[in-house]
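Undergrad: Got a structure here, written out as structure tokens. Questions coming.
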Amino acid sequence: MTSAVRQIGLSAPWLDEREEELVLDVLRSGRLSLGPTIDRFEELVAEAVGAPYAAAVSSGTAGLHLLCVSAGVGPGDEVITSPYSFVASANCAIYEGATPVFADIDPRTLNLDPAAVEVALTPRTRAVVAVDIYGYPCELDELRAICDRHGLALIDDACEALGARYKGEPVGSRDAPAVFAFYPNKQITTGEGGMVTTHSEDEWRLLKSLRNQGRADGGGWLDHARLGFNYRIDDIRAAIGIGQLEKLDRILEARAAVAARYGQLLADIEGVELPLADDADHERSWFVYVVALPEGTDREAVITVLEERGVQTARYLPCIHLQSYMRERFGFSEGLCPVAEGLSRRTLALPFHARLDESDQEYVAAALREALGR
Ligand SMILES: Cc1ncc(COP(=O)(O)O)c(C=O)c1O
């Protein structure tokens with residue numbers, strides 16, 4: 001416990017009377033699951049990301065799992081993904097009995113390096129799960145070309161990237177199916193929840209069946225056409241999501257402004273590397289604000305000083321392949337992805353959300369400067 005007066009949390013959702021009103025409408029309607037609020041939420045997300053079809057699910061992880069099922073991933077297959085991501089990007093393949101293969105990242109974007117993906121290919125490769133880490137769009141065209149050349153499925157783990165744009169178009173609008181997540185630290189939240197977007201009507205129908213215990217379109221409640229899951233979202237959460245989407249533009253704008261302010265406040269702290277700026281092809285949707293501390297910094301000591309000042313931070317992101325269960329099950333160890341490993345030892349997430357106060361940001365910057373002795 002810390003005795004600091006000021007407490008600045010890592011993240012916070014932006015919820016107001018609108019979500020309360022929409023949730024109350026659902027409660028009063030009596031349609032708590034498989035109701036019209038879910039359909040509406042799906043239509044609105046599809047519209048926001050420029051995809052023709054969307055299927056709401058209980059989490060981003062569930063969505064990734066369903067896309068692995070849809071891609072036919074199974075035992076004996078390999079699925080290439082990024083080591084610098086949240087574990088779900090790899091777990092989705094393991095659920096179907098496949099082996100995750102980690103290709104190293106580009107040190108600038110922190111996303112999969114297409115050249116490393118090429119090197120990681122084997123005759124057993126079945127799919128690539130690309131990740132838009134920290135809301136920065138991945139190299140979708142290059143990855144698509146690799147997948148097309150080798151007959152692989154491409155899945156876009158856009159769980160952190162709602163609102164991001166790649167080559168001028170929203171992430172999700174290209175033909176790769178994408179997954180968005182709505183945990184409370186995300187750009188929009190439903191509490192728990194996720195959304196899969198796809199450009200294939202057949203895939204969309206399959207996803208809706210798989211999330212609903214394998215029930216088929218038009219079948220009875222106890223008719224199950226395939227092995228499915230209970231990965232449904234409910235109408236209460238969909239209502240929260242609709243309220244969130246109504247203010248998505250404001251949320252994204254506010255998050256970008258908070259990020260820009262951090263950029264100014266932290267620019268002159270020697271050796272601290274700030275998040276990569278946008279360019280013509282990549283427009284980030286701000287999810288978290290992660291800096292890389294100077295090489296050789298004792299990150300734990302920095303975290304301790306910040307904690308003493310009441311500033312919450314997080315060690316985003318540990319490499320997936322170095323998690324204990326991954327080492328034990330697949331024998332991964334240090335040295336597999338040197339770029340990701342080197343960065344992951346020195347990256348740190350600072351408090352970040354749409355309504356973070358300017359004075360709180362100044363306080364965080366001062367605390368970081370002090371922690372680094374700059
Ligand atoms: C990159 C990435 N993939 C997948 C997920 C999983 O989403 P959820 O927590 O909704 O299952 C997350 C969210 O934490 C994520 O950040």
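By order in the structure tokens, chains are A, B, ...; within a chain, residues start at 1; ligands start at 1, following the order shown.
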Select the residues contacting ligand 1 at a distance of at most 9 Å, based on only C-alpha atoms and all ligand atoms, then format the selection as a ChimeraX atom specification.
TA: /A:58-64,84-90,131-135,157-161,179-183,185-186,192-194
Undergrad: Could those selected residues go to a file with C-alpha atoms, as an mmCIF file, in the first residue's frame?
TA:
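Okay, selection-v4.cif is ready:
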data_model
loop_
_atom_site.group_PDB
_atom_site.id
_atom_site.type_symbol
_atom_site.label_atom_id
_atom_site.label_comp_id
_atom_site.auth_asym_id
_atom_site.auth_seq_id
_atom_site.Cartn_x
_atom_site.Cartn_y
_atom_site.Cartn_z
ATOM 1 C CA SER A 58 -18.607 -12.758 -24.803
ATOM 2 C CA SER A 59 -14.970 -11.599 -25.073
ATOM 3 C CA GLY A 60 -12.172 -10.846 -27.483
ATOM 4 C CA THR A 61 -10.641 -14.200 -26.584
ATOM 5 C CA ALA A 62 -13.863 -15.987 -27.545
ATOM 6 C CA GLY A 63 -13.868 -14.160 -30.879
ATOM 7 C CA LEU A 64 -10.287 -15.187 -31.646
ATOM 8 C CA TYR A 84 4.553 -9.061 -27.981
ATOM 9 C CA SER A 85 0.818 -9.311 -27.364
ATOM 10 C CA PHE A 86 -1.745 -10.455 -24.858
ATOM 11 C CA VAL A 87 -1.790 -14.242 -24.340
ATOM 12 C CA ALA A 88 -5.149 -14.669 -26.079
ATOM 13 C CA SER A 89 -3.485 -14.025 -29.477
ATOM 14 C CA ALA A 90 -1.709 -17.376 -29.062
ATOM 15 C CA VAL A 131 -2.094 -8.095 -33.856
ATOM 16 C CA ASP A 132 -2.597 -4.312 -33.942
ATOM 17 C CA ILE A 133 -0.733 -3.809 -30.727
ATOM 18 C CA TYR A 134 -1.541 -0.755 -28.639
ATOM 19 C CA GLY A 135 -3.968 0.266 -31.398
ATOM 20 C CA ASP A 157 -6.471 -9.422 -33.603
ATOM 21 C CA ALA A 158 -7.744 -5.861 -33.464
ATOM 22 C CA CYS A 159 -8.791 -6.187 -29.813
ATOM 23 C CA GLU A 160 -6.854 -3.007 -28.985
ATOM 24 C CA ALA A 161 -7.564 -1.143 -32.200
ATOM 25 C CA VAL A 179 -11.780 -9.224 -33.520
ATOM 26 C CA PHE A 180 -12.415 -6.256 -31.236
ATOM 27 C CA ALA A 181 -12.541 -6.422 -27.440
ATOM 28 C CA PHE A 182 -14.516 -4.432 -24.894
ATOM 29 C CA TYR A 183 -12.903 -5.022 -21.500
ATOM 30 C CA ASN A 185 -9.629 -0.594 -20.333
ATOM 31 C CA LYS A 186 -10.440 -0.655 -24.058
ATOM 32 C CA GLU A 192 -16.789 -8.033 -20.807
ATOM 33 C CA GLY A 193 -17.427 -8.563 -24.484
ATOM 34 C CA GLY A 194 -16.074 -8.688 -27.990
#
Undergrad: Between A:Glu47, A:Asp148, A:Glu19, A:Glu203, single out the one closest to A:Ser70, counting only C-alpha atoms.
TA: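 Ranking A:Glu47, A:Asp148, A:Glu19, A:Glu203 by distance to A:Ser70, first place goes to A:Glu203.
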Undergrad: Find the spatial neighbours of A:Ala56, counting only C-alpha atoms, within a cut-off of 8 Å - ignore same-chain residues fewer than 4 positions away - and output them as a compact mmCIF listing (two decimals) with N, CA and C atoms, in the first residue's frame.
TA:
# COMPACT_ATOMS: atom_id res chain seq x y z
N ILE A 38 -28.72 -6.75 -29.22
CA ILE A 38 -27.48 -7.34 -29.75
C ILE A 38 -27.39 -7.08 -31.25
N PHE A 41 -26.39 -3.55 -31.83
CA PHE A 41 -24.97 -3.33 -31.48
C PHE A 41 -24.08 -3.85 -32.62
N GLU A 42 -24.42 -5.02 -33.13
CA GLU A 42 -23.63 -5.60 -34.23
C GLU A 42 -23.67 -4.70 -35.46
N GLY A 193 -16.77 -8.45 -23.18
CA GLY A 193 -17.43 -8.56 -24.48
C GLY A 193 -16.45 -8.42 -25.63
N GLY A 194 -16.90 -8.81 -26.79
CA GLY A 194 -16.07 -8.69 -27.99
C GLY A 194 -16.93 -8.72 -29.23
N MET A 195 -16.29 -8.48 -30.38
CA MET A 195 -17.02 -8.48 -31.65
C MET A 195 -16.11 -9.02 -32.73
N VAL A 196 -16.67 -9.92 -33.53
CA VAL A 196 -15.94 -10.41 -34.70
C VAL A 196 -16.56 -9.76 -35.92
N ARG A 232 -21.94 -16.31 -26.05
CA ARG A 232 -22.88 -15.22 -26.33
C ARG A 232 -22.58 -14.01 -25.45
N ILE A 233 -22.86 -12.84 -26.00
CA ILE A 233 -22.94 -11.64 -25.19
C ILE A 233 -24.41 -11.55 -24.78
Undergrad: Give the answer as one residue: which of A:Leu222, A:Val364, A:Leu245, A:Ala280 has the shortest atom-to-atom distance to A:Gly168, using only C-alpha atoms?
TA: A:Ala280
Undergrad: Applying 12 Å and only C-alpha atoms, which residues near A:Arg124 remain after dropping the ones on its own chain fewer than 5 positions away? List them as JSON, numbers by chain.
TA: {"A": [73, 74, 75, 76, 77, 78, 79, 80, 98, 99, 100, 101, 150, 151, 152]}
Undergrad: Have a look at A:Pro114, A:Pro83, A:Gly35, A:Gly163 and name the one nearest to A:Ser285; count only C-alpha atoms.
TA: A:Gly163
Undergrad: Extract the full set of alpha helix (DSSP H) residues from stretch 187-372 of chain A according to DSSP on the backbone, and format it as a PyMOL selection string.
TA: chain A and resi 201-211+235-246+248-266+299-308+324-330+338-344+358-372
Undergrad: Hey, what's within 12 Å of stretch 319-329 of chain A if we count only C-alpha atoms and toss same-chain stuff fewer than 2 positions away? As a ChimeraX atom specification, please?
TA: /A:80-91,94,99-105,110,315-317,331-347
Undergrad: Counting only C-alpha atoms, which of A:Leu143, A:Leu121, A:Ala164, A:Leu248 gets nearest to A:Ala354?
TA: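 So, comparing all the options, the nearest one is A:Leu248.
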Undergrad: So that I can see what lies close to A:Glu139, please list as a list of chain:residue names the residues with an atom at most 10 Å from it, counting only C-alpha atoms and leaving out residues fewer than 5 positions away in the same chain.
TA: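 The filter keeps A:Thr109, A:Asn111, A:Leu112, A:Asp113, A:Pro114, A:Ala130, A:Val131, A:Asp132, A:Arg144, A:Tyr166, A:Lys167, A:Asp281, A:His282.
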Undergrad: Only N, CA and C atoms, please: the residues just picked out, written as an mmCIF file, in the first residue's frame.
TA:
data_model
loop_
_atom_site.group_PDB
_atom_site.id
_atom_site.type_symbol
_atom_site.label_atom_id
_atom_site.label_comp_id
_atom_site.auth_asym_id
_atom_site.auth_seq_id
_atom_site.Cartn_x
_atom_site.Cartn_y
_atom_site.Cartn_z
ATOM 1 N N THR A 109 7.209 -0.459 -34.832
ATOM 2 C CA THR A 109 5.748 -0.538 -34.697
ATOM 3 C C THR A 109 5.317 -1.459 -33.557
ATOM 4 N N ASN A 111 4.680 -4.374 -33.929
ATOM 5 C CA ASN A 111 3.812 -5.377 -34.560
ATOM 6 C C ASN A 111 4.653 -6.403 -35.311
ATOM 7 N N LEU A 112 4.007 -7.521 -35.669
ATOM 8 C CA LEU A 112 4.685 -8.594 -36.415
ATOM 9 C C LEU A 112 5.487 -8.028 -37.578
ATOM 10 N N ASP A 113 6.725 -8.505 -37.702
ATOM 11 C CA ASP A 113 7.575 -8.143 -38.827
ATOM 12 C C ASP A 113 7.283 -9.156 -39.948
ATOM 13 N N PRO A 114 6.711 -8.712 -41.080
ATOM 14 C CA PRO A 114 6.349 -9.663 -42.136
ATOM 15 C C PRO A 114 7.516 -10.550 -42.571
ATOM 16 N N ALA A 130 -2.478 -11.829 -36.782
ATOM 17 C CA ALA A 130 -1.769 -10.546 -36.733
ATOM 18 C C ALA A 130 -2.390 -9.697 -35.632
ATOM 19 N N VAL A 131 -1.590 -8.897 -34.976
ATOM 20 C CA VAL A 131 -2.094 -8.095 -33.856
ATOM 21 C C VAL A 131 -1.817 -6.615 -34.123
ATOM 22 N N ASP A 132 -2.788 -5.771 -33.857
ATOM 23 C CA ASP A 132 -2.597 -4.312 -33.942
ATOM 24 C C ASP A 132 -2.286 -3.837 -32.528
ATOM 25 N N ARG A 144 -1.216 -10.205 -45.704
ATOM 26 C CA ARG A 144 -2.218 -10.797 -46.599
ATOM 27 C C ARG A 144 -1.536 -11.455 -47.795
ATOM 28 N N TYR A 166 -5.920 1.977 -41.357
ATOM 29 C CA TYR A 166 -4.789 1.451 -42.112
ATOM 30 C C TYR A 166 -4.956 1.879 -43.558
ATOM 31 N N LYS A 167 -3.969 2.586 -44.084
ATOM 32 C CA LYS A 167 -4.039 3.123 -45.454
ATOM 33 C C LYS A 167 -5.357 3.859 -45.682
ATOM 34 N N ASP A 281 0.118 5.717 -43.695
ATOM 35 C CA ASP A 281 -0.551 4.408 -43.768
ATOM 36 C C ASP A 281 -1.099 3.928 -42.427
ATOM 37 N N HIS A 282 -0.673 4.535 -41.354
ATOM 38 C CA HIS A 282 -1.024 4.015 -40.030
ATOM 39 C C HIS A 282 -1.556 5.131 -39.139
#
Undergrad: So which residues of stretch 186-342 of chain A fall under strand (DSSP E) by DSSP, listed as a list in words?
TA: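 The residues of stretch 186-342 of chain A classed as strand (DSSP E) are Gly194, Met195, Val196, Thr197, Thr198, His282, Glu283, Tyr289, Val290, Val291 and Ala292 of chain A.
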Undergrad: So what do you get for atom CA of A:Val305 versus atom CA of A:Glu270, distance-wise?
TA: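 Atom CA of A:Glu270 lies 17.9 Å from atom CA of A:Val305.
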Undergrad: Pick the closest to A:Ile242 from A:Ser359, A:Ser173, A:Ser209, A:Thr37: which is it, counting only C-alpha atoms?
TA: A:Thr37
